[in-house]
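Asker: Next comes coords_3.txt, compact mmCIF, C-alpha atoms:
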# COMPACT_ATOMS: atom_id res chain seq x y z
CA MET A 1 3.71 -1.87 -10.49
CA ARG A 2 2.93 0.47 -9.13
CA GLN A 3 10.63 13.20 4.95
CA ASN A 4 9.69 13.67 7.26
CA SER A 5 9.66 11.73 10.45
CA LEU A 6 7.11 9.24 11.70
CA ILE A 7 5.55 12.11 13.62
CA ASN A 8 5.10 14.12 10.43
CA SER A 9 3.62 11.13 8.64
CA LEU A 10 1.07 10.66 11.40
CA THR A 11 0.13 14.31 11.58
CA GLY A 12 -0.41 14.77 7.87
CA GLY A 13 2.93 16.51 7.46
CA PHE A 14 1.95 19.29 9.87
CA ARG A 15 3.60 20.11 13.16
CA ARG A 16 1.80 22.61 15.38
CA LYS A 17 -0.72 23.71 12.79
CA PRO A 18 -4.37 22.63 13.03
CA LEU A 19 -4.74 18.93 12.26
CA LYS A 20 -6.51 17.88 9.08
CA HIS A 21 -8.33 14.76 7.92
CA GLY A 22 -6.11 11.75 8.56
CA ALA A 23 -4.23 13.40 11.42
CA MET A 24 -4.45 13.15 15.20
CA PRO A 25 -2.62 14.62 18.21
CA ILE A 26 1.03 13.58 18.10
CA ARG A 27 1.32 11.69 21.40
CA ARG A 28 -1.92 9.80 20.91
CA ALA A 29 -1.05 9.13 17.28
CA ILE A 30 2.26 7.57 18.22
CA ARG A 31 0.68 5.52 21.02
CA LEU A 32 -2.10 4.17 18.80
CA ALA A 33 0.21 3.56 15.87
CA VAL A 34 2.63 1.53 17.96
CA CYS A 35 -0.20 -0.33 19.69
CA ALA A 36 -1.99 -0.99 16.43
CA LEU A 37 1.00 -2.75 14.90
CA MET A 38 2.85 -4.08 17.91
CA LEU A 39 -0.60 -4.95 19.33
CA ALA A 40 0.53 -5.24 22.94
CA PRO A 41 -2.48 -5.45 25.30
CA VAL A 42 -0.53 -3.47 27.90
CA CYS A 43 -0.55 -0.39 25.70
CA ALA A 44 -3.59 -1.07 23.50
CA GLN A 45 -6.22 1.12 25.10
CA ALA A 46 -9.19 3.04 23.88
CA HIS A 47 -8.95 6.80 24.17
CA ARG A 48 -11.12 6.64 27.31
CA GLY A 49 -8.56 4.39 28.98
CA ALA A 50 -10.45 1.09 28.72
CA PRO A 51 -8.19 -1.90 27.92
CA GLU A 52 -8.52 -3.56 24.54
CA ARG A 53 -7.69 -7.03 23.30
CA VAL A 54 -6.70 -7.61 19.69
CA GLU A 55 -8.46 -10.73 18.39
CA ARG A 56 -7.50 -10.80 14.73
CA VAL A 57 -5.42 -8.94 12.17
CA VAL A 58 -5.59 -9.15 8.38
CA LEU A 59 -3.00 -7.39 6.21
CA ILE A 60 -2.47 -6.92 2.48
CA TYR A 61 1.23 -6.45 1.73
CA ARG A 62 2.84 -5.19 -1.40
CA HIS A 63 5.62 -7.54 -2.50
CA GLY A 64 9.16 -6.50 -1.64
CA VAL A 65 11.77 -4.69 -3.74
CA ARG A 66 11.88 -6.15 -7.25
CA ALA A 67 13.76 -5.57 -10.48
CA PRO A 68 11.94 -3.15 -12.80
CA LEU A 69 9.30 -4.38 -15.23
CA ASP A 70 10.26 -4.47 -18.89
CA ASP A 71 7.73 -1.79 -19.84
CA GLU A 72 7.93 0.28 -16.64
CA ASN A 73 10.14 3.11 -17.86
CA GLY A 74 7.75 5.38 -19.75
CA LEU A 75 10.54 7.90 -20.37
CA ALA A 76 13.01 5.42 -21.89
CA ALA A 77 12.95 7.24 -25.23
CA ILE A 78 14.41 10.41 -23.72
CA GLU A 79 16.64 9.08 -20.94
CA PRO A 80 20.20 10.44 -21.11
CA ALA A 81 21.86 7.02 -20.82
CA PRO A 82 20.84 3.39 -20.22
CA MET A 83 19.75 2.59 -16.68
CA PRO A 84 21.78 0.16 -14.56
CA VAL A 85 21.37 -3.54 -15.32
CA TRP A 86 19.91 -5.51 -12.42
CA SER A 87 21.38 -8.88 -11.45
CA THR A 88 17.84 -10.08 -10.63
CA PRO A 89 15.63 -10.94 -13.63
CA GLU A 90 12.87 -8.56 -14.68
CA SER A 91 10.00 -8.24 -12.16
CA GLN A 92 11.51 -10.69 -9.66
CA LEU A 93 12.00 -10.11 -5.93
CA THR A 94 15.63 -9.29 -5.22
CA PRO A 95 17.62 -10.94 -2.42
CA HIS A 96 17.89 -7.49 -0.84
CA GLY A 97 14.11 -7.09 -1.01
CA ALA A 98 13.61 -10.52 0.57
CA GLN A 99 15.94 -9.64 3.46
CA ALA A 100 14.07 -6.38 4.09
CA LEU A 101 10.74 -8.24 4.28
CA THR A 102 12.17 -10.77 6.71
CA LEU A 103 13.44 -7.94 8.92
CA LEU A 104 9.97 -6.36 8.96
CA ALA A 105 8.35 -9.71 9.77
CA ARG A 106 10.75 -10.28 12.68
CA TYR A 107 9.74 -6.93 14.09
CA GLN A 108 6.03 -7.73 13.71
CA ARG A 109 6.53 -11.19 15.23
CA GLN A 110 7.59 -9.73 18.57
CA GLY A 111 4.43 -7.69 18.93
CA TRP A 112 2.18 -10.51 17.77
CA LEU A 113 3.79 -12.96 20.22
CA HIS A 114 3.21 -10.49 23.05
CA ALA A 115 -0.41 -9.98 22.01
CA GLY A 116 -1.10 -13.71 21.84
CA LEU A 117 -1.71 -13.68 18.10
CA LEU A 118 1.26 -15.98 17.49
CA PRO A 119 1.94 -18.98 19.75
CA LYS A 120 4.95 -19.19 22.03
CA GLY A 121 7.01 -22.36 22.14
CA ARG A 122 5.70 -23.95 18.94
CA CYS A 123 5.31 -23.31 15.24
CA PRO A 124 2.11 -21.57 14.16
CA ASP A 125 -0.55 -23.64 12.44
CA ARG A 126 -3.62 -22.68 10.40
CA ARG A 127 -5.50 -21.68 13.54
CA ASP A 128 -2.86 -19.03 14.12
CA LEU A 129 -1.67 -17.80 10.73
CA ILE A 130 -2.37 -18.01 7.02
CA ILE A 131 -0.12 -16.51 4.35
CA TRP A 132 -1.70 -16.34 0.89
CA THR A 133 -0.04 -14.69 -2.11
CA ASN A 134 -0.71 -13.88 -5.72
CA THR A 135 0.61 -16.36 -8.26
CA VAL A 136 3.57 -14.40 -9.67
CA SER A 137 7.08 -15.19 -8.52
CA ARG A 138 7.72 -11.92 -6.66
CA THR A 139 4.62 -12.29 -4.44
CA ILE A 140 5.27 -15.96 -3.68
CA ALA A 141 8.89 -15.20 -2.77
CA SER A 142 7.73 -12.25 -0.65
CA GLY A 143 5.37 -14.52 1.26
CA GLN A 144 8.23 -16.93 1.90
CA ALA A 145 10.42 -14.08 3.17
CA LEU A 146 7.66 -13.02 5.57
CA ALA A 147 7.24 -16.63 6.74
CA GLU A 148 10.96 -16.84 7.49
CA GLY A 149 10.75 -13.79 9.74
CA LEU A 150 7.50 -14.73 11.45
CA ALA A 151 8.24 -18.38 12.14
CA PRO A 152 12.00 -19.03 11.94
CA GLY A 153 12.84 -22.72 11.77
CA CYS A 154 9.26 -23.67 10.94
CA ASP A 155 8.07 -25.16 7.66
CA LEU A 156 5.35 -22.56 7.32
CA ALA A 157 3.16 -23.02 4.25
CA VAL A 158 2.73 -20.13 1.83
CA GLY A 159 -0.46 -20.68 -0.15
CA HIS A 160 -1.32 -19.54 -3.67
CA LEU A 161 -3.13 -20.71 -6.80
CA PRO A 162 -1.13 -22.41 -9.56
CA THR A 163 1.55 -20.18 -11.07
CA GLY A 164 0.24 -18.24 -14.05
CA GLN A 165 -3.40 -18.39 -12.98
CA HIS A 166 -5.11 -15.09 -12.18
CA ASP A 167 -6.19 -15.01 -8.52
CA PRO A 168 -9.24 -12.72 -8.27
CA ILE A 169 -8.19 -11.63 -4.79
CA PHE A 170 -5.30 -9.75 -6.39
CA GLU A 171 -6.18 -9.59 -10.09
CA GLN A 172 -9.92 -9.25 -10.09
CA MET A 173 -10.42 -7.81 -13.56
CA GLU A 174 -7.81 -10.05 -15.17
CA ALA A 175 -9.59 -13.06 -13.67
CA GLY A 176 -12.87 -11.93 -15.24
CA ALA A 177 -14.56 -11.58 -11.85
CA ASP A 178 -16.91 -8.84 -13.09
CA ASP A 179 -18.08 -6.99 -16.16
CA PHE A 180 -16.32 -3.89 -17.40
CA ASP A 181 -17.91 -0.91 -19.14
CA ALA A 182 -15.03 1.02 -20.69
CA ARG A 183 -17.06 4.13 -21.40
CA GLN A 184 -18.44 4.30 -17.88
CA ALA A 185 -14.97 3.72 -16.42
CA THR A 186 -13.48 6.44 -18.61
CA ALA A 187 -16.15 8.94 -17.58
CA ASP A 188 -15.66 8.00 -13.93
CA VAL A 189 -11.89 8.49 -14.07
CA ILE A 190 -12.23 11.83 -15.84
CA ALA A 191 -14.73 13.00 -13.21
CA TYR A 192 -12.56 11.71 -10.35
CA THR A 193 -9.27 13.18 -11.57
CA GLY A 194 -10.66 16.23 -13.35
CA GLY A 195 -9.07 14.88 -16.53
CA LEU A 196 -5.44 14.61 -17.58
CA ASP A 197 -5.11 18.38 -18.00
CA ALA A 198 -6.03 18.95 -14.35
CA LEU A 199 -3.89 16.00 -13.24
CA THR A 200 -0.90 17.43 -15.10
CA ARG A 201 -1.41 20.88 -13.51
CA ARG A 202 -1.63 19.38 -10.02
CA HIS A 203 1.66 17.56 -10.51
CA ARG A 204 3.60 20.29 -12.29
CA ALA A 205 6.21 20.52 -9.52
CA SER A 206 6.83 16.77 -9.61
CA LEU A 207 7.11 16.84 -13.40
CA THR A 208 9.67 19.62 -13.12
CA ALA A 209 11.63 17.51 -10.62
CA MET A 210 11.50 14.57 -13.01
CA ALA A 211 12.75 16.73 -15.90
CA HIS A 212 15.71 17.75 -13.72
CA ILE A 213 16.61 14.10 -13.08
CA ILE A 214 16.23 13.17 -16.75
CA GLY A 215 18.15 16.27 -17.78
CA ARG A 216 15.74 17.34 -20.52
CA ASP A 217 12.16 18.46 -21.02
CA LEU A 218 9.41 15.86 -20.78
CA PRO A 219 7.09 15.24 -23.72
CA PRO A 220 4.50 18.06 -23.92
CA GLY A 221 0.75 17.88 -23.58
CA PRO A 222 -1.60 16.80 -20.78
CA GLY A 223 -2.53 13.55 -22.55
CA ALA A 224 -5.93 11.89 -22.62
CA ILE A 225 -8.08 9.11 -21.18
CA THR A 226 -10.01 7.18 -23.84
CA PRO A 227 -11.97 3.92 -23.91
CA ASP A 228 -10.46 1.08 -25.92
CA ALA A 229 -12.21 0.13 -29.14
CA ASP A 230 -13.09 -3.36 -27.86
CA GLY A 231 -14.79 -1.90 -24.75
CA ARG A 232 -12.66 -4.02 -22.41
CA GLY A 233 -10.45 -1.27 -21.07
CA PHE A 234 -9.26 2.29 -21.43
CA SER A 235 -5.98 4.00 -22.23
CA ALA A 236 -4.32 6.92 -20.51
CA SER A 237 -1.42 8.95 -21.86
CA GLY A 238 0.53 12.08 -21.02
CA PRO A 239 3.54 13.17 -18.98
CA VAL A 240 2.17 12.04 -15.60
CA ILE A 241 1.43 8.56 -16.94
CA ASP A 242 4.79 8.34 -18.73
CA ALA A 243 6.76 9.50 -15.70
CA SER A 244 4.99 7.38 -13.07
CA GLY A 245 6.88 4.16 -13.80
CA THR A 246 10.20 5.97 -14.12
CA ALA A 247 9.65 7.49 -10.67
CA GLN A 248 9.08 4.00 -9.32
CA ILE A 249 12.30 2.71 -10.88
CA PHE A 250 14.29 5.43 -9.06
CA LEU A 251 12.69 4.33 -5.78
CA LEU A 252 13.51 0.70 -6.49
CA GLN A 253 17.13 1.60 -7.25
CA TYR A 254 17.35 3.55 -3.99
CA MET A 255 15.72 0.86 -1.82
CA GLU A 256 17.85 -1.85 -3.45
CA GLY A 257 20.93 -0.07 -2.08
CA MET A 258 22.49 0.91 -5.40
CA ALA A 259 25.39 3.36 -5.35
CA PRO A 260 24.28 7.02 -5.48
CA GLY A 261 25.80 7.45 -8.94
CA GLN A 262 23.54 4.68 -10.28
CA ILE A 263 20.28 6.15 -9.00
CA GLY A 264 18.77 8.42 -11.61
CA TRP A 265 22.18 8.91 -13.24
CA GLY A 266 23.44 10.36 -9.97
CA ARG A 267 20.68 12.98 -9.81
CA ALA A 268 18.04 11.14 -7.75
CA ASP A 269 18.82 11.39 -4.06
CA ALA A 270 16.22 10.82 -1.33
CA ALA A 271 14.81 14.35 -1.70
CA ALA A 272 14.47 14.00 -5.47
CA ILE A 273 12.76 10.61 -5.10
CA ALA A 274 10.30 12.15 -2.64
CA ALA A 275 9.65 14.98 -5.12
CA VAL A 276 8.70 12.60 -7.97
CA SER A 277 6.82 10.08 -5.78
CA PRO A 278 3.47 11.88 -6.37
CA LEU A 279 3.71 10.87 -10.04
CA HIS A 280 3.59 7.19 -9.08
CA ALA A 281 0.76 7.78 -6.62
CA ALA A 282 -1.18 9.60 -9.37
CA LEU A 283 -1.22 6.43 -11.45
CA PHE A 284 -3.62 4.91 -8.91
CA ASP A 285 -5.93 7.93 -9.17
CA VAL A 286 -6.31 7.01 -12.83
CA TYR A 287 -6.51 3.23 -12.66
CA ASP A 288 -7.58 2.16 -9.16
CA ARG A 289 -9.01 4.76 -6.75
CA SER A 290 -12.12 6.14 -8.46
CA PRO A 291 -15.59 5.02 -7.24
CA CYS A 292 -16.01 2.91 -10.39
CA LEU A 293 -12.59 1.28 -10.45
CA ALA A 294 -11.80 0.81 -6.75
CA PRO A 295 -14.41 -1.95 -6.35
CA ARG A 296 -13.36 -3.48 -9.66
CA THR A 297 -9.80 -3.69 -8.35
CA ALA A 298 -10.41 -4.66 -4.73
CA ALA A 299 -13.96 -5.97 -4.14
CA VAL A 300 -12.84 -9.61 -3.97
CA LEU A 301 -9.91 -8.59 -1.77
CA ALA A 302 -12.16 -6.57 0.55
CA ARG A 303 -14.59 -9.48 0.93
CA ARG A 304 -11.71 -11.84 1.71
CA MET A 305 -10.38 -9.46 4.34
CA LEU A 306 -13.81 -9.03 5.93
CA SER A 307 -14.19 -12.79 6.07
CA ALA A 308 -10.76 -13.21 7.66
CA LEU A 309 -11.58 -10.52 10.20
CA LEU A 310 -15.16 -11.36 11.17
CA ASP A 311 -16.20 -14.86 10.13
CA PRO A 312 -15.94 -17.81 12.54
CA ASP A 313 -13.13 -20.38 12.26
CA GLN A 314 -10.63 -17.91 10.81
CA PRO A 315 -7.01 -17.67 12.04
CA ARG A 316 -5.84 -14.87 14.28
CA LEU A 317 -3.52 -13.59 11.53
CA THR A 318 -4.22 -13.53 7.79
CA LEU A 319 -1.44 -12.12 5.63
CA LEU A 320 -2.10 -11.54 1.94
CA VAL A 321 0.72 -10.60 -0.45
CA GLY A 322 -0.15 -8.74 -3.64
CA HIS A 323 0.59 -5.45 -5.32
CA ASP A 324 0.54 -1.69 -4.84
CA ASN A 325 -2.73 -1.24 -6.74
CA ASN A 326 -4.45 -3.66 -4.33
CA ILE A 327 -3.48 -1.39 -1.44
CA ALA A 328 -4.41 1.80 -3.31
CA ALA A 329 -7.88 0.51 -4.20
CA LEU A 330 -8.59 -0.87 -0.72
CA ALA A 331 -7.54 2.43 0.87
CA ALA A 332 -9.99 4.21 -1.44
CA LEU A 333 -12.80 1.84 -0.45
CA LEU A 334 -12.05 2.45 3.25
CA ASP A 335 -11.75 6.20 2.52
CA THR A 336 -8.40 6.34 4.24
CA ARG A 337 -4.93 7.50 3.32
CA PHE A 338 -1.38 6.92 4.46
CA ARG A 339 2.07 8.36 3.99
CA VAL A 340 5.47 6.76 4.48
CA PRO A 341 8.37 9.13 5.22
CA GLY A 342 10.18 9.95 2.00
CA LEU A 343 7.17 9.25 -0.23
CA ALA A 344 3.95 10.92 -1.33
CA TRP A 345 0.51 10.41 0.14
CA ASN A 346 -0.98 7.07 -0.93
CA ASP A 347 2.18 5.80 -2.64
CA PRO A 348 2.60 2.22 -1.32
CA PRO A 349 6.29 1.28 -1.11
CA PRO A 350 7.55 -2.26 -1.65
CA GLY A 351 6.99 -4.33 1.47
CA GLY A 352 4.38 -2.03 3.02
CA ALA A 353 1.03 -3.34 4.29
CA LEU A 354 -2.47 -1.97 4.84
CA GLY A 355 -4.65 -3.87 7.25
CA LEU A 356 -7.57 -4.17 9.61
CA ALA A 357 -7.40 -5.17 13.27
CA LEU A 358 -10.39 -6.58 15.16
CA ILE A 359 -10.37 -5.34 18.74
CA ARG A 360 -12.60 -6.38 21.64
CA ARG A 361 -13.12 -3.69 24.23
CA ALA A 362 -13.67 -4.23 27.95
CA ASP A 363 -17.45 -3.93 27.51
CA GLY A 364 -17.43 -6.73 24.91
CA ARG A 365 -17.96 -4.53 21.85
CA ARG A 366 -15.90 -5.39 18.79
CA VAL A 367 -14.39 -2.53 16.81
CA VAL A 368 -12.13 -2.35 13.78
CA ARG A 369 -9.00 -0.26 13.39
CA ALA A 370 -7.26 0.40 10.06
CA ILE A 371 -3.47 0.20 10.22
CA TYR A 372 -0.51 0.73 7.92
CA VAL A 373 3.10 -0.38 8.35
CA ALA A 374 6.16 -0.15 6.13
CA ALA A 375 9.89 0.01 6.52
CA THR A 376 10.96 3.37 5.17
CA PRO A 377 13.01 3.64 1.98
CA ASP A 378 16.07 4.50 4.08
CA GLN A 379 15.52 1.50 6.37
CA VAL A 380 15.18 -0.88 3.43
CA ARG A 381 18.18 0.64 1.66
CA ALA A 382 20.36 0.05 4.74
CA LEU A 383 18.68 -3.26 5.70
CA ARG A 384 18.15 -1.73 9.11
CA VAL A 385 17.23 -4.14 11.91
CA LEU A 386 13.84 -2.94 13.15
CA ASP A 387 13.28 -2.75 16.89
CA ALA A 388 11.98 -0.42 19.60
CA ARG A 389 14.71 2.11 18.76
CA HIS A 390 14.35 1.82 15.00
CA ARG A 391 10.68 1.35 14.26
CA PRO A 392 9.18 1.15 10.81
CA ALA A 393 6.62 3.73 9.76
CA GLU A 394 3.44 2.74 11.60
CA ALA A 395 0.08 4.45 11.76
CA SER A 396 -3.45 3.96 12.99
CA LEU A 397 -5.53 5.41 10.16
CA ILE A 398 -8.80 7.27 10.03
CA ILE A 399 -11.53 5.11 8.51
CA GLY A 400 -13.44 7.71 6.52
CA LEU A 401 -15.98 5.01 5.73
CA CYS A 402 -17.19 5.54 9.30
CA GLY A 403 -16.64 9.28 9.75
CA ARG A 404 -14.03 11.96 9.28
CA ALA A 405 -12.48 11.38 12.72
CA ALA A 406 -13.09 7.64 13.12
CA HIS A 407 -9.95 5.78 14.17
CA THR A 408 -12.12 2.85 15.19
CA CYS A 409 -15.47 1.71 13.89
CA PRO A 410 -17.96 -0.93 15.12
CA ALA A 411 -17.27 -4.20 13.34
CA ASP A 412 -20.81 -4.60 12.01
CA VAL A 413 -20.75 -1.04 10.64
CA VAL A 414 -17.49 -1.71 8.80
CA ARG A 415 -18.93 -4.86 7.26
CA HIS A 416 -22.19 -3.19 6.20
CA ARG A 417 -20.67 0.00 4.80
CA LEU A 418 -17.73 -1.65 3.06
CA LEU A 419 -19.94 -4.23 1.36
CA ALA A 420 -22.21 -1.42 0.19
CA ARG A 421 -19.23 0.15 -1.62
CA LEU A 422 -18.27 -2.96 -3.50
CA SER A 423 -20.83 -2.49 -6.25
CA PRO A 424 -19.56 0.21 -8.64
CA PRO A 425 -21.81 3.31 -8.80
CA ASP A 426 -23.94 4.05 -11.85
CA LYS A 427 -22.73 7.65 -12.04
CA PRO A 428 -19.17 9.00 -11.81
CA ALA A 429 -18.18 10.92 -8.71
CA PRO A 430 -15.97 14.03 -8.66
CA HIS A 431 -12.32 13.85 -7.72
CA LYS A 432 -11.46 14.01 -4.02
CA ASP A 433 -7.86 15.16 -3.85
CA SER A 434 -5.76 12.96 -1.59
CA ALA A 435 -3.13 15.62 -0.95
CA PRO A 436 -3.13 17.33 2.46
Show how you would write the structure in this file as structure tokens.

Answerer:
Amino acid sequence: MRQNSLINSLTGGFRRKPLKHGAMPIRRAIRLAVCALMLAPVCAQAHRGAPERVERVVLIYRHGVRAPLDDENGLAAIEPAPMPVWSTPESQLTPHGAQALTLLARYQRQGWLHAGLLPKGRCPDRRDLIIWTNTVSRTIASGQALAEGLAPGCDLAVGHLPTGQHDPIFEQMEAGADDFDARQATADVIAYTGGLDALTRRHRASLTAMAHIIGRDLPPGPGAITPDADGRGFSASGPVIDASGTAQIFLLQYMEGMAPGQIGWGRADAAAIAAVSPLHAALFDVYDRSPCLAPRTAAVLARRMLSALLDPDQPRLTLLVGHDNNIAALAALLDTRFRVPGLAWNDPPPGGALGLALIRRADGRRVVRAIYVAATPDQVRALRVLDARHRPAEASLIIGLCGRAAHTCPADVVRHRLLARLSPPDKPAPHKDSAP
């Protein structure tokens, strides 16, 4: 599970007001965002004007648009009428979602060819590109859709563990990759979020928007976060938790291209979906972004990405395909944030990707840049062909791991500081609100 123009998304939603954390001057932001994803050496320059060469890129994608999960609609008991029936089976990638991923990959292919990250005149091999996905059907199919766009006509392998096996890169806790202290995790989440009462207050406007779509009041009470009796997990309840999956279903309906009357019973247009998007993003504050849980969700992923970026004998491009919580947890570890037009801060849409680019400057120093790319909900809905006139949402992100204004960071510093964050802290840390 799990409006704005590109300019607004890059400037933290502000126009001519003072820029805040995560924002940068508009012209430079656009230049760096385009360079970071298109990766053309002609435009990829440091802010001092020195040319840069992109050596490697590693990205973690969320799978594309899928049919809703069976248990995703937390407000099913009060919905005014049954939701539309999907032609695609539960949880599976839809044909529409696959097409949207292929369109994004074709766009990325052009920049990567120009930057020398993909070969011209032949199919890529393992020296050029690896695609590795989680073991569920929707991630495997998403990897295949990306492969079709990146290497048309090539029999490009999409790797994954056997179906049904938990891959710790994407499902670290399910794979039993580390211990879990439910009481410590519960305390950490309460400290990070301020508790469900505070979380509910912060999202009152989004809950009101959700009640308007549903057409009736949501269940009362802030809810609670409590450790499970067996000590292997914790439970969260309350209106924000209940509404988060329902908000995601409305987004999926919209991106799938359903008729307006089918999306939220005709009451969830693009503005309404943007208004309830914070409820889905809040789910990650509870389960994935806190100092205790972020490394327990994404430590294996972070190590794999560091290896792909910095170790010898790695391909120029490593593309991993997982889930929204993978992206949310990794963003928390990097202390960065992103926003796609039409969605809330830190709400990863289907098909979006968070990544790291390794860049060699003219003086030989290697630096890392954090990047995010996603086709917008409107672009996916329309299956828009992405090109220089119709770009996806692209951004070069601040790496808070390296400083509040760090859009690049020395490669060895990124490795050292990120690895230091991968062991969960002994004490819970207070919530750091991700809203602007």

Asker: Find the residues near segment 258-261 of chain A: any atom within 10 Å, counting all atoms listed in the file, skip ones fewer than 6 places away on the same chain, and give them as a list of chain:residue names.

Answerer: A:Pro84, A:Trp86, A:Leu252, A:Arg267, A:Ala268, A:Asp269, A:Ala270, A:Arg381

Asker: Would you mind reading off the distance between atom CA of Val321 of chain A and atom CA of Ser91 of chain A, one decimal, in Å?

Answerer: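 Answer for the atom CA of Val321 of chain A to atom CA of Ser91 of chain A separation: 15.1 Å.
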
Asker: Mind working out the centre and edge lengths of an axis-aligned box for segment 121-134 of chain A, all listed atoms inside, 4 Å added to each side, rounded to one decimal in Å and written as JSON?

Answerer:
{"center_x": 0.8, "center_y": -18.9, "center_z": 8.2, "size_x": 20.5, "size_y": 18.1, "size_z": 35.9}

Asker: When you look at segment 355-365 of chain A with a cut-off of 10 Å (counting only C-alpha atoms), what residues show up, excluding the ones that are within fewer than 4 positions of it in the same chain? I need them as an NGL selection string.

Answerer: :A and (36-37 or 39 or 44-46 or 50-61 or 305-306 or 308-310 or 316-320 or 327 or 330-331 or 369-373 or 396-397 or 408-411)

Asker: My list of candidates is A:Ala147, A:Ala374, A:Gly97, A:Arg296. Which is closest to Ile130 of chain A when distances are computed with only C-alpha atoms?

Answerer: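 Looking at the shortest contact to Ile130 of chain A, the residue is A:Ala147.
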
Asker: What lies within 8 Å of Val340 of chain A using only C-alpha atoms, ignoring chain neighbours under 4 positions off, as a count of residues only?

Answerer: 10

Asker: For each of A:Pro220, A:Gly264, A:Pro295, A:Gly153, take the minimum atom-to-atom distance to Ser423 of chain A, counting all atoms listed in the file, then give the residue where this is smallest.

Answerer: A:Pro295

Asker: Of the residues A:Leu218, A:Ser244, A:Asp188, A:Ile78, which is the one nearest to Asp288 of chain A, using all atoms listed in the file?

Answerer: A:Asp188

Asker: If you count only C-alpha atoms, which residues fall within 9 Å of Leu383 of chain A, apart from same-chain ones fewer than 5 positions away, as a ChimeraX atom specification?

Answerer: /A:96-97,99-100,103,257,378

Asker: Between atom CA of Ser235 of chain A and atom CA of Arg421 of chain A, measure the distance and give it in Å to one decimal.

Answerer: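 Separating atom CA of Ser235 of chain A from atom CA of Arg421 of chain A is a distance of 24.8 Å.
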
Asker: So which residues are close to (1.5, 5.7, -11.3), meaning at most 10 Å away in the file's coordinates with only C-alpha atoms counted, and can you show them as number ranges by chain?

Answerer: A: 1-2, 72, 240-248, 277-288, 324-325, 347
